[in-house]
$ cat start-v3.txt   # compact mmCIF, C-alpha atoms
# COMPACT_ATOMS: atom_id res chain seq x y z
CA MET A 12 16.01 -1.20 2.90
CA GLN A 13 13.19 0.45 4.87
CA LEU A 14 15.37 0.62 7.99
CA LYS A 15 18.16 2.32 6.02
CA LYS A 16 15.64 4.90 4.71
CA VAL A 17 14.51 5.67 8.26
CA LYS A 18 18.10 6.06 9.44
CA ASP A 19 18.83 8.42 6.53
CA ASP A 20 15.76 10.52 7.42
CA VAL A 21 16.85 10.71 11.06
CA ARG A 22 20.32 11.83 9.97
CA VAL A 23 18.84 14.55 7.74
CA LEU A 24 16.64 15.74 10.62
CA GLU A 25 19.70 16.12 12.84
CA GLU A 26 21.48 18.04 10.08
CA LEU A 27 18.49 20.38 9.72
CA ARG A 28 18.38 21.17 13.45
CA GLU A 29 22.08 22.10 13.36
CA ALA A 30 21.61 24.04 10.10
CA LYS A 31 18.76 26.07 11.62
CA GLU A 32 21.04 27.31 14.38
CA ARG A 33 23.75 28.22 11.87
CA ILE A 34 21.26 30.02 9.61
CA GLU A 35 19.96 32.12 12.52
CA LYS A 36 23.54 32.90 13.57
CA GLU A 37 24.49 34.09 10.07
CA ILE A 38 21.33 36.18 9.60
CA SER A 39 21.86 37.81 13.02
CA LYS A 40 25.10 39.29 11.64
CA VAL A 41 22.90 41.51 9.45
CA ILE A 42 19.44 41.54 11.02
CA ILE A 43 19.00 42.57 14.66
CA GLY A 44 16.05 40.89 16.38
CA GLN A 45 13.13 39.48 14.32
CA LYS A 46 13.96 35.94 15.52
CA LYS A 47 10.31 34.86 15.29
CA VAL A 48 9.99 36.16 11.72
CA ILE A 49 13.19 34.36 10.68
CA GLU A 50 11.84 31.09 12.11
CA GLU A 51 8.54 31.59 10.29
CA LEU A 52 10.30 32.31 6.99
CA LEU A 53 12.34 29.11 7.39
CA THR A 54 9.13 27.18 8.11
CA VAL A 55 7.54 28.41 4.88
CA LEU A 56 10.69 27.75 2.84
CA ILE A 57 11.16 24.17 4.11
CA SER A 58 7.42 23.57 3.61
CA GLY A 59 7.70 24.63 -0.04
CA GLY A 60 5.15 27.44 0.37
CA HIS A 61 5.04 31.19 -0.24
CA CYS A 62 4.78 34.10 2.17
CA LEU A 63 3.05 37.49 2.41
CA ILE A 64 4.82 39.99 4.69
CA ILE A 65 3.04 43.05 6.06
CA GLY A 66 5.02 45.82 7.73
CA VAL A 67 5.70 49.54 7.59
CA PRO A 68 8.72 50.83 5.61
CA GLY A 69 12.12 50.73 7.27
CA LEU A 70 11.84 47.38 9.06
CA ALA A 71 14.48 45.68 6.86
CA LYS A 72 12.04 43.37 5.03
CA THR A 73 14.04 43.42 1.79
CA LEU A 74 17.36 43.08 3.61
CA LEU A 75 16.04 40.11 5.59
CA VAL A 76 14.89 38.22 2.49
CA ASN A 77 18.09 39.02 0.58
CA THR A 78 20.22 37.87 3.51
CA LEU A 79 18.24 34.62 3.83
CA ALA A 80 18.76 33.87 0.13
CA GLN A 81 22.47 34.64 0.43
CA VAL A 82 22.92 32.37 3.47
CA LEU A 83 21.09 29.52 1.69
CA SER A 84 23.05 29.99 -1.59
CA LEU A 85 19.86 30.73 -3.54
CA LYS A 86 19.42 33.06 -6.51
CA PHE A 87 17.52 36.17 -5.42
CA ASN A 88 15.53 38.66 -7.51
CA ARG A 89 13.55 41.66 -6.30
CA ILE A 90 10.62 43.05 -8.30
CA GLN A 91 9.37 46.52 -7.38
CA PHE A 92 5.64 46.49 -8.13
CA THR A 93 4.29 49.76 -9.57
CA PRO A 94 0.98 50.72 -11.25
CA ASP A 95 2.57 50.60 -14.74
CA LEU A 96 4.24 47.19 -14.29
CA MET A 97 3.23 44.71 -17.02
CA PRO A 98 2.95 40.90 -16.69
CA SER A 99 5.80 40.49 -19.19
CA ASP A 100 8.02 42.58 -16.88
CA ILE A 101 7.70 39.70 -14.42
CA THR A 102 7.60 36.58 -16.57
CA GLY A 103 9.76 37.70 -19.49
CA THR A 104 9.13 38.42 -23.17
CA ASP A 105 9.95 37.23 -26.69
CA ILE A 106 12.29 39.43 -28.72
CA LEU A 107 12.93 39.23 -32.46
CA GLU A 108 16.56 38.48 -33.30
CA VAL A 109 18.26 38.56 -36.69
CA ASP A 110 21.11 36.16 -37.44
CA SER A 111 23.96 38.31 -38.76
CA GLU A 112 25.25 35.50 -41.01
CA THR A 113 22.06 34.06 -42.52
CA GLY A 114 19.73 37.02 -42.09
CA LYS A 115 17.07 34.74 -40.64
CA ARG A 116 14.74 36.13 -38.03
CA ALA A 117 13.63 34.19 -34.94
CA PHE A 118 12.02 34.91 -31.63
CA ARG A 119 14.03 34.31 -28.46
CA PHE A 120 12.52 34.28 -24.97
CA ILE A 121 14.23 36.58 -22.47
CA ARG A 122 13.51 35.32 -18.97
CA GLY A 123 12.06 37.76 -16.47
CA PRO A 124 12.98 38.21 -12.81
CA ILE A 125 10.55 35.48 -11.75
CA PHE A 126 13.18 32.94 -12.81
CA ALA A 127 14.98 32.80 -9.48
CA ASN A 128 14.87 30.67 -6.34
CA VAL A 129 13.75 33.52 -4.08
CA VAL A 130 11.54 36.23 -5.59
CA LEU A 131 10.66 39.30 -3.54
CA ALA A 132 7.48 40.97 -4.86
CA ASP A 133 7.89 44.34 -3.18
CA GLU A 134 4.64 46.25 -2.50
CA ILE A 135 2.59 43.75 -4.50
CA ASN A 136 -0.63 45.69 -3.89
CA ARG A 137 0.65 48.68 -5.91
CA THR A 138 0.06 46.92 -9.24
CA PRO A 139 -3.27 46.01 -10.93
CA PRO A 140 -4.74 42.49 -10.54
CA LYS A 141 -3.73 41.49 -14.09
CA THR A 142 -0.06 41.94 -13.21
CA GLN A 143 -0.50 40.41 -9.75
CA ALA A 144 -1.90 37.32 -11.48
CA ALA A 145 1.36 36.88 -13.41
CA LEU A 146 2.73 35.33 -10.21
CA LEU A 147 -0.13 32.84 -9.77
CA GLN A 148 0.87 30.12 -12.24
CA ALA A 149 4.47 30.12 -11.04
CA MET A 150 3.40 29.97 -7.38
CA GLN A 151 0.96 27.10 -7.94
CA GLU A 152 2.51 25.06 -10.77
CA TYR A 153 6.18 26.18 -10.80
CA LYS A 154 5.73 27.06 -14.47
CA VAL A 155 5.54 30.21 -16.58
CA THR A 156 3.69 30.40 -19.90
CA ALA A 157 4.72 33.08 -22.39
CA GLY A 158 4.03 33.21 -26.11
CA GLY A 159 2.25 29.86 -25.96
CA VAL A 160 5.35 28.12 -24.57
CA THR A 161 5.62 26.85 -20.98
CA TYR A 162 8.88 27.17 -19.07
CA LYS A 163 9.70 25.60 -15.70
CA VAL A 164 11.01 27.76 -12.90
CA GLU A 165 14.00 26.46 -10.99
CA GLN A 166 13.25 24.83 -7.66
CA PRO A 167 13.27 25.54 -4.78
CA PHE A 168 10.98 28.42 -5.69
CA PHE A 169 9.96 30.79 -2.93
CA VAL A 170 7.82 33.93 -3.44
CA LEU A 171 7.71 36.58 -0.72
CA ALA A 172 5.37 39.49 -1.27
CA THR A 173 5.35 42.63 0.88
CA GLN A 174 2.54 45.06 1.59
CA ASN A 175 2.66 48.45 3.26
CA PRO A 176 -0.29 48.70 5.70
CA ILE A 177 -0.24 52.49 6.13
CA GLU A 178 -0.46 53.70 2.51
CA GLN A 179 -3.73 52.78 0.80
CA GLU A 180 -3.90 55.41 -1.96
CA GLY A 181 -3.20 53.99 -5.39
CA THR A 182 -3.23 50.37 -4.17
CA TYR A 183 -5.03 47.29 -5.48
CA PRO A 184 -5.87 44.86 -2.64
CA LEU A 185 -5.07 41.25 -3.47
CA PRO A 186 -8.15 39.16 -4.31
CA GLU A 187 -9.00 36.48 -1.74
CA ALA A 188 -8.18 33.72 -4.27
CA GLN A 189 -4.64 35.06 -4.63
CA LEU A 190 -4.23 35.64 -0.90
CA ASP A 191 -5.07 31.96 -0.40
CA ARG A 192 -2.01 30.99 -2.46
CA PHE A 193 0.25 32.34 0.29
CA MET A 194 0.95 29.80 3.00
CA PHE A 195 1.79 32.40 5.69
CA ASN A 196 0.81 36.00 6.32
CA LEU A 197 3.51 37.50 8.56
CA LEU A 198 3.31 40.75 10.48
CA ILE A 199 6.64 42.48 11.12
CA GLU A 200 6.44 44.66 14.21
CA TYR A 201 8.66 47.52 15.40
CA PRO A 202 11.80 46.37 17.25
CA GLU A 203 12.19 46.47 21.03
CA GLU A 204 14.07 49.45 22.52
CA ALA A 205 17.31 47.48 23.11
CA GLU A 206 17.18 46.14 19.55
CA GLU A 207 16.60 49.61 18.09
CA ILE A 208 19.63 50.94 20.00
CA GLU A 209 21.74 48.23 18.32
CA ILE A 210 20.19 49.10 14.95
CA ALA A 211 21.03 52.79 15.50
CA LYS A 212 24.72 51.88 15.90
CA THR A 213 24.86 50.52 12.33
CA SER A 214 24.89 52.57 9.14
CA PRO A 215 21.83 52.42 6.85
CA GLY A 216 22.36 50.11 3.88
CA SER A 217 25.54 48.56 5.27
CA VAL A 218 26.30 45.12 3.78
CA ARG A 219 28.12 42.22 5.40
CA GLU A 220 30.45 40.28 3.12
CA ASP A 221 31.43 37.57 5.62
CA LEU A 222 28.18 35.57 5.52
CA LYS A 223 28.71 31.81 5.33
CA ASN A 224 26.57 29.59 3.12
CA VAL A 225 24.35 27.02 4.84
CA LEU A 226 22.35 24.21 3.17
CA GLY A 227 21.91 24.98 -0.58
CA SER A 228 19.18 24.26 -3.14
CA LYS A 229 19.76 20.49 -3.35
CA LYS A 230 19.56 20.02 0.43
CA ILE A 231 16.47 22.27 0.68
CA LEU A 232 14.63 20.13 -1.91
CA GLU A 233 15.60 17.03 0.06
CA LEU A 234 14.20 18.59 3.24
CA GLN A 235 10.96 19.59 1.49
CA GLU A 236 10.42 15.97 0.46
CA LEU A 237 11.29 14.74 3.95
CA VAL A 238 8.78 17.05 5.67
CA ARG A 239 5.94 15.56 3.62
CA ARG A 240 6.82 12.09 4.91
CA VAL A 241 6.62 13.11 8.58
CA PRO A 242 3.82 11.09 10.28
CA VAL A 243 0.84 12.85 11.85
CA SER A 244 -1.54 11.34 14.41
CA ASP A 245 -5.28 11.07 13.70
CA SER A 246 -6.04 13.16 16.79
CA LEU A 247 -3.91 16.04 15.46
CA LEU A 248 -5.64 15.84 12.07
CA LYS A 249 -9.03 16.02 13.79
CA PHE A 250 -7.85 18.99 15.87
CA ALA A 251 -6.76 20.91 12.74
CA VAL A 252 -9.94 20.07 10.80
CA ARG A 253 -12.21 21.09 13.67
CA LEU A 254 -10.28 24.33 14.28
CA VAL A 255 -10.59 25.37 10.64
CA SER A 256 -14.24 24.31 10.32
CA MET A 257 -15.10 26.43 13.37
CA SER A 258 -13.97 29.52 11.42
CA ARG A 259 -16.80 29.07 8.88
CA PRO A 260 -20.00 30.99 9.70
CA ARG A 261 -23.25 29.02 9.76
CA SER A 262 -21.40 25.69 10.02
CA LYS A 263 -22.42 23.23 12.75
CA ASP A 264 -19.13 23.84 14.63
CA ALA A 265 -19.13 27.65 14.38
CA PRO A 266 -19.32 29.57 17.70
CA ASP A 267 -21.70 32.52 17.97
CA PHE A 268 -18.90 35.09 17.57
CA VAL A 269 -17.96 33.58 14.19
CA ASP A 270 -21.53 33.99 12.91
CA GLU A 271 -21.48 37.56 14.20
CA TRP A 272 -18.08 38.72 12.89
CA VAL A 273 -17.05 36.50 9.95
CA SER A 274 -18.22 36.62 6.32
CA TRP A 275 -16.11 33.71 5.06
CA GLY A 276 -14.04 31.17 6.92
CA ALA A 277 -10.91 29.28 5.96
CA SER A 278 -10.90 26.66 3.19
CA PRO A 279 -9.59 23.06 3.30
CA ARG A 280 -6.31 24.42 1.90
CA ALA A 281 -5.86 26.13 5.28
CA THR A 282 -6.10 22.72 6.97
CA GLN A 283 -3.46 21.32 4.63
CA TYR A 284 -1.12 24.24 5.34
CA LEU A 285 -1.73 23.96 9.09
CA ILE A 286 -0.63 20.32 9.09
CA LEU A 287 2.32 20.95 6.75
CA ALA A 288 3.55 23.94 8.78
CA ALA A 289 3.16 21.99 12.03
CA LYS A 290 5.26 19.15 10.60
CA THR A 291 7.95 21.58 9.45
CA ASN A 292 7.97 23.35 12.81
CA ALA A 293 8.48 20.02 14.58
CA VAL A 294 11.28 19.04 12.21
CA LEU A 295 13.05 22.39 12.70
CA ASP A 296 12.93 21.74 16.46
CA GLY A 297 14.47 18.30 15.97
CA ARG A 298 11.28 16.34 16.68
CA TYR A 299 9.99 13.51 14.51
CA THR A 300 6.26 14.19 14.67
CA PRO A 301 4.17 17.33 15.40
CA GLY A 302 1.82 17.98 18.31
CA ILE A 303 -0.95 20.44 19.16
CA GLU A 304 1.61 23.04 20.28
CA ASP A 305 3.01 23.08 16.73
CA ILE A 306 -0.48 23.81 15.36
CA LYS A 307 -0.90 26.66 17.86
CA LYS A 308 2.47 28.10 16.87
CA VAL A 309 1.57 28.38 13.17
CA VAL A 310 -2.19 28.95 13.30
CA PHE A 311 -2.04 32.77 13.25
CA PRO A 312 0.09 33.20 10.07
CA VAL A 313 -1.88 30.41 8.33
CA LEU A 314 -5.41 31.67 9.11
CA ARG A 315 -4.80 35.43 9.42
CA HIS A 316 -5.51 36.15 5.71
CA ARG A 317 -8.07 33.36 5.21
CA ILE A 318 -10.73 34.55 7.63
CA ILE A 319 -12.72 37.40 6.07
CA THR A 320 -14.37 39.65 8.65
CA ASN A 321 -17.66 41.47 8.05
CA PHE A 322 -18.89 44.99 8.76
CA ASN A 323 -19.85 44.15 12.35
CA ALA A 324 -16.27 43.13 13.15
CA GLU A 325 -14.81 46.22 11.48
CA ALA A 326 -17.24 48.49 13.36
CA GLU A 327 -16.24 46.91 16.68
CA GLY A 328 -12.51 46.87 15.87
CA ILE A 329 -12.33 43.06 15.89
CA THR A 330 -9.25 41.73 14.07
CA THR A 331 -8.74 38.28 12.57
CA ASP A 332 -6.03 37.62 15.17
CA ARG A 333 -8.61 38.23 17.92
CA ILE A 334 -10.99 35.77 16.25
CA ILE A 335 -8.24 33.13 15.90
CA GLY A 336 -7.39 33.54 19.58
CA LEU A 337 -11.05 33.00 20.51
CA LEU A 338 -11.17 29.90 18.29
CA LEU A 339 -8.19 28.46 20.17
CA ASP A 340 -9.94 29.20 23.47
CA ASN A 341 -13.01 27.34 22.21
CA MET A 342 -10.86 24.34 21.29
CA LYS A 343 -9.74 24.12 24.94
CA GLU A 344 -13.36 23.86 25.98

$ encode --input "start-v3.txt" --output "C-alpha cells"
Amino acid sequence: MQLKKVKDDVRVLEELREAKERIEKEISKVIIGQKKVIEELLTVLISGGHCLIIGVPGLAKTLLVNTLAQVLSLKFNRIQFTPDLMPSDITGTDILEVDSETGKRAFRFIRGPIFANVVLADEINRTPPKTQAALLQAMQEYKVTAGGVTYKVEQPFFVLATQNPIEQEGTYPLPEAQLDRFMFNLLIEYPEEAEEIEIAKTSPGSVREDLKNVLGSKKILELQELVRRVPVSDSLLKFAVRLVSMSRPRSKDAPDFVDEWVSWGASPRATQYLILAAKTNAVLDGRYTPGIEDIKKVVFPVLRHRIITNFNAEAEGITTDRIIGLLLDNMKE
C-alpha cells in the first residue's frame, strides 16, 4: 500500500513538471517576459500561500494574474481598493428579501468578490486598515464571517495584493502583522529592451481567446497536499532556522550589520515558508527533495517584507534585499 502511494506521488510529480512547462507556454502567449515572476507565482500557488506584488503601473500585473487564473481554470475576481471601500464590499452583505407569495421577510447573504479561487486586491494600500483586515480571516482560515454566520471560501484560495511604490499620498501602509500573512513579496521590474519592443508590437488591452486550460482546482489541491509530504533533510532545516535567526537583532547569531540596520527580524513563520517554498520549488523542477539552492532561490521574496529596517539603514540607503544578500554571504562563512 505504501509502495503504491509512493508511485502515485512520483507520477503526480512528473505530471506537475510537464504542466509547469505548458502553463509557462500558455501565459507567454499573453505576457512577454516576466518568466521569474511567473515561476514565483506558481510556487506560491502550489504552496497554498498568498502573494504581495509591488510594481509601478503599466507592467501588466492584473493581466498576468487574470491569465494565470484562466490557464488554471480558476474563478478570478478583482477588487479595486479605494479609500471609501467597506469591509462588506469585499466579504458580502445580508439583504432583506420579501417573499412575494407569503409576504415573509428574511435576510439573504449576498457573497462578495472574495468568494473566488484567485482574488486580486489591486492597490491594497489605498484603503484603511479596517477594510484591509477584511482579507485576513479568509487568508488565514479560508473562512468569512458576516452577520454572525461563517462561510467557507472555495479552495484553492489564492490572494494576490498589489502595491504601487511611487504614489504614497492617500495610502495606508499594511501593518507588519498583515504583511506577515503574505508568503511572498514580489518585485516586478521594467522589461528588457528586446521584451519591450515585443510589447510595443501588441495593442494595449488585447485579449487572447486561444488559451488552453492546464491543471484545474482538483489537481492543484492534490499538488498542495503532495508538497507538504516532500521530505526535508535535518541539515536543510538547520540552515533555514539559522538564516532566519541571524536576521533578528540582538540574537546570539546576529551579525553586527543586523544590529546596526534592523529593528525587527523575521519570525518562525518565515522559516516555515522558506521550507515550504523550497519544497515547492524542488517539485516544480521535478526533484523529490529540496536543497540549499532552493532556499537561496526563494529567500528574497520570503524575507523581503519580514525584515524591518531602522533609521540607520534608511539614512544609508540600505535595503532589505541588501541585508538578505549579506546574510547569505555570512552563511557561506

$ closest_residue --input "start-v3.txt" --among "A:Thr113, A:Thr138, A:Gln148, A:Ser58" --to "Leu96 in chain A" --atoms "only C-alpha atoms"
A:Thr138

$ residues_around --input "start-v3.txt" --residues "range 257-266 of chain A" --least-positions-apart "4" --cutoff "8 Å" --atoms "only C-alpha atoms" --output "short mmCIF file (atom, residue, chain, number, x, y, z; two decimals) with C-alpha atoms, in the coordinates of the input"
data_model
loop_
_atom_site.label_atom_id
_atom_site.label_comp_id
_atom_site.auth_asym_id
_atom_site.auth_seq_id
_atom_site.Cartn_x
_atom_site.Cartn_y
_atom_site.Cartn_z
CA ARG A 253 -12.21 21.09 13.67
CA ASP A 270 -21.53 33.99 12.91
CA VAL A 273 -17.05 36.50 9.95
CA SER A 274 -18.22 36.62 6.32
CA TRP A 275 -16.11 33.71 5.06
CA GLY A 276 -14.04 31.17 6.92
CA ALA A 277 -10.91 29.28 5.96
CA ILE A 318 -10.73 34.55 7.63
CA LEU A 338 -11.17 29.90 18.29
#

$ closest_residue --input "start-v3.txt" --among "A:Val67, A:Leu79, A:Phe268, A:Leu56" --to "Ile38 in chain A" --atoms "all atoms listed in the file"
A:Leu79

$ closest_residue --input "start-v3.txt" --among "A:Ile49, A:Thr78, A:Phe92, A:Glu108" --to "Ala145 in chain A" --atoms "only C-alpha atoms"
A:Phe92

$ atom_distance --input "start-v3.txt" --atom1 "CA of Tyr299 in chain A" --atom2 "CA of Val238 in chain A"
9.6 Å

$ closest_residue --input "start-v3.txt" --among "A:Ile42, A:Leu254, A:Ile135, A:Ile106" --to "Asn175 in chain A" --atoms "only C-alpha atoms"
A:Ile135

$ closest_residue --input "start-v3.txt" --among "A:Arg89, A:Arg33, A:Trp272, A:Gly66" --to "Pro202 in chain A" --atoms "all atoms listed in the file"
A:Gly66

$ decode --input "start-v3.txt" --residues "range 242-274 of chain A" --atoms "N, CA and C atoms" --output "PDB file, in the first residue's frame"
ATOM      1  N   PRO A 242       9.925  15.164   1.710  1.00  0.00           N
ATOM      2  CA  PRO A 242      10.883  15.085   2.832  1.00  0.00           C
ATOM      3  C   PRO A 242      11.937  16.177   2.759  1.00  0.00           C
ATOM      4  N   VAL A 243      12.397  16.598   3.941  1.00  0.00           N
ATOM      5  CA  VAL A 243      13.431  17.629   4.048  1.00  0.00           C
ATOM      6  C   VAL A 243      14.509  17.130   5.005  1.00  0.00           C
ATOM      7  N   SER A 244      15.761  17.298   4.652  1.00  0.00           N
ATOM      8  CA  SER A 244      16.862  16.832   5.496  1.00  0.00           C
ATOM      9  C   SER A 244      17.017  17.728   6.725  1.00  0.00           C
ATOM     10  N   ASP A 245      17.581  17.164   7.794  1.00  0.00           N
ATOM     11  CA  ASP A 245      17.819  17.928   9.020  1.00  0.00           C
ATOM     12  C   ASP A 245      18.798  19.075   8.771  1.00  0.00           C
ATOM     13  N   SER A 246      19.786  18.825   7.908  1.00  0.00           N
ATOM     14  CA  SER A 246      20.774  19.881   7.630  1.00  0.00           C
ATOM     15  C   SER A 246      20.132  21.086   6.957  1.00  0.00           C
ATOM     16  N   LEU A 247      19.141  20.839   6.073  1.00  0.00           N
ATOM     17  CA  LEU A 247      18.455  21.954   5.407  1.00  0.00           C
ATOM     18  C   LEU A 247      17.579  22.714   6.404  1.00  0.00           C
ATOM     19  N   LEU A 248      16.937  21.988   7.311  1.00  0.00           N
ATOM     20  CA  LEU A 248      16.133  22.644   8.346  1.00  0.00           C
ATOM     21  C   LEU A 248      17.014  23.549   9.208  1.00  0.00           C
ATOM     22  N   LYS A 249      18.192  23.045   9.584  1.00  0.00           N
ATOM     23  CA  LYS A 249      19.108  23.847  10.404  1.00  0.00           C
ATOM     24  C   LYS A 249      19.594  25.076   9.637  1.00  0.00           C
ATOM     25  N   PHE A 250      19.838  24.911   8.331  1.00  0.00           N
ATOM     26  CA  PHE A 250      20.270  26.038   7.502  1.00  0.00           C
ATOM     27  C   PHE A 250      19.205  27.132   7.500  1.00  0.00           C
ATOM     28  N   ALA A 251      17.936  26.744   7.292  1.00  0.00           N
ATOM     29  CA  ALA A 251      16.839  27.718   7.239  1.00  0.00           C
ATOM     30  C   ALA A 251      16.645  28.404   8.585  1.00  0.00           C
ATOM     31  N   VAL A 252      16.686  27.624   9.669  1.00  0.00           N
ATOM     32  CA  VAL A 252      16.487  28.192  11.010  1.00  0.00           C
ATOM     33  C   VAL A 252      17.600  29.178  11.338  1.00  0.00           C
ATOM     34  N   ARG A 253      18.833  28.806  11.041  1.00  0.00           N
ATOM     35  CA  ARG A 253      19.958  29.695  11.349  1.00  0.00           C
ATOM     36  C   ARG A 253      19.904  30.968  10.504  1.00  0.00           C
ATOM     37  N   LEU A 254      19.543  30.834   9.229  1.00  0.00           N
ATOM     38  CA  LEU A 254      19.457  32.004   8.347  1.00  0.00           C
ATOM     39  C   LEU A 254      18.428  32.996   8.870  1.00  0.00           C
ATOM     40  N   VAL A 255      17.271  32.499   9.278  1.00  0.00           N
ATOM     41  CA  VAL A 255      16.215  33.387   9.781  1.00  0.00           C
ATOM     42  C   VAL A 255      16.601  33.976  11.132  1.00  0.00           C
ATOM     43  N   SER A 256      17.182  33.171  12.010  1.00  0.00           N
ATOM     44  CA  SER A 256      17.548  33.681  13.339  1.00  0.00           C
ATOM     45  C   SER A 256      18.623  34.763  13.251  1.00  0.00           C
ATOM     46  N   MET A 257      19.477  34.689  12.227  1.00  0.00           N
ATOM     47  CA  MET A 257      20.506  35.713  12.041  1.00  0.00           C
ATOM     48  C   MET A 257      19.911  37.073  11.702  1.00  0.00           C
ATOM     49  N   SER A 258      18.663  37.101  11.218  1.00  0.00           N
ATOM     50  CA  SER A 258      18.038  38.370  10.836  1.00  0.00           C
ATOM     51  C   SER A 258      17.507  39.143  12.037  1.00  0.00           C
ATOM     52  N   ARG A 259      17.561  38.526  13.233  1.00  0.00           N
ATOM     53  CA  ARG A 259      16.973  39.143  14.434  1.00  0.00           C
ATOM     54  C   ARG A 259      18.040  39.884  15.222  1.00  0.00           C
ATOM     55  N   PRO A 260      17.906  41.211  15.354  1.00  0.00           N
ATOM     56  CA  PRO A 260      18.918  41.969  16.097  1.00  0.00           C
ATOM     57  C   PRO A 260      18.994  41.523  17.553  1.00  0.00           C
ATOM     58  N   ARG A 261      20.194  41.593  18.084  1.00  0.00           N
ATOM     59  CA  ARG A 261      20.497  41.248  19.482  1.00  0.00           C
ATOM     60  C   ARG A 261      20.330  39.756  19.785  1.00  0.00           C
ATOM     61  N   SER A 262      20.174  38.929  18.755  1.00  0.00           N
ATOM     62  CA  SER A 262      20.196  37.480  18.983  1.00  0.00           C
ATOM     63  C   SER A 262      21.642  36.998  18.943  1.00  0.00           C
ATOM     64  N   LYS A 263      21.897  35.792  19.456  1.00  0.00           N
ATOM     65  CA  LYS A 263      23.281  35.305  19.541  1.00  0.00           C
ATOM     66  C   LYS A 263      23.893  35.072  18.155  1.00  0.00           C
ATOM     67  N   ASP A 264      23.037  34.832  17.146  1.00  0.00           N
ATOM     68  CA  ASP A 264      23.541  34.574  15.790  1.00  0.00           C
ATOM     69  C   ASP A 264      23.660  35.828  14.939  1.00  0.00           C
ATOM     70  N   ALA A 265      23.118  36.964  15.407  1.00  0.00           N
ATOM     71  CA  ALA A 265      23.025  38.160  14.562  1.00  0.00           C
ATOM     72  C   ALA A 265      24.398  38.771  14.278  1.00  0.00           C
ATOM     73  N   PRO A 266      24.723  39.010  12.996  1.00  0.00           N
ATOM     74  CA  PRO A 266      25.964  39.736  12.661  1.00  0.00           C
ATOM     75  C   PRO A 266      25.857  41.199  13.075  1.00  0.00           C
ATOM     76  N   ASP A 267      26.974  41.896  13.082  1.00  0.00           N
ATOM     77  CA  ASP A 267      26.988  43.301  13.514  1.00  0.00           C
ATOM     78  C   ASP A 267      26.090  44.168  12.648  1.00  0.00           C
ATOM     79  N   PHE A 268      26.049  43.901  11.324  1.00  0.00           N
ATOM     80  CA  PHE A 268      25.256  44.763  10.446  1.00  0.00           C
ATOM     81  C   PHE A 268      23.758  44.632  10.723  1.00  0.00           C
ATOM     82  N   VAL A 269      23.326  43.476  11.243  1.00  0.00           N
ATOM     83  CA  VAL A 269      21.916  43.309  11.606  1.00  0.00           C
ATOM     84  C   VAL A 269      21.582  44.184  12.814  1.00  0.00           C
ATOM     85  N   ASP A 270      22.458  44.178  13.823  1.00  0.00           N
ATOM     86  CA  ASP A 270      22.235  45.039  14.988  1.00  0.00           C
ATOM     87  C   ASP A 270      22.228  46.509  14.595  1.00  0.00           C
ATOM     88  N   GLU A 271      23.000  46.845  13.572  1.00  0.00           N
ATOM     89  CA  GLU A 271      23.112  48.245  13.163  1.00  0.00           C
ATOM     90  C   GLU A 271      21.936  48.710  12.314  1.00  0.00           C
ATOM     91  N   TRP A 272      21.383  47.827  11.462  1.00  0.00           N
ATOM     92  CA  TRP A 272      20.409  48.262  10.460  1.00  0.00           C
ATOM     93  C   TRP A 272      18.988  47.726  10.659  1.00  0.00           C
ATOM     94  N   VAL A 273      18.780  46.747  11.520  1.00  0.00           N
ATOM     95  CA  VAL A 273      17.478  46.074  11.604  1.00  0.00           C
ATOM     96  C   VAL A 273      16.795  46.361  12.933  1.00  0.00           C
ATOM     97  N   SER A 274      15.498  46.718  12.850  1.00  0.00           N
ATOM     98  CA  SER A 274      14.693  46.898  14.067  1.00  0.00           C
ATOM     99  C   SER A 274      14.092  45.577  14.513  1.00  0.00           C
TER     100      SER A 274
END
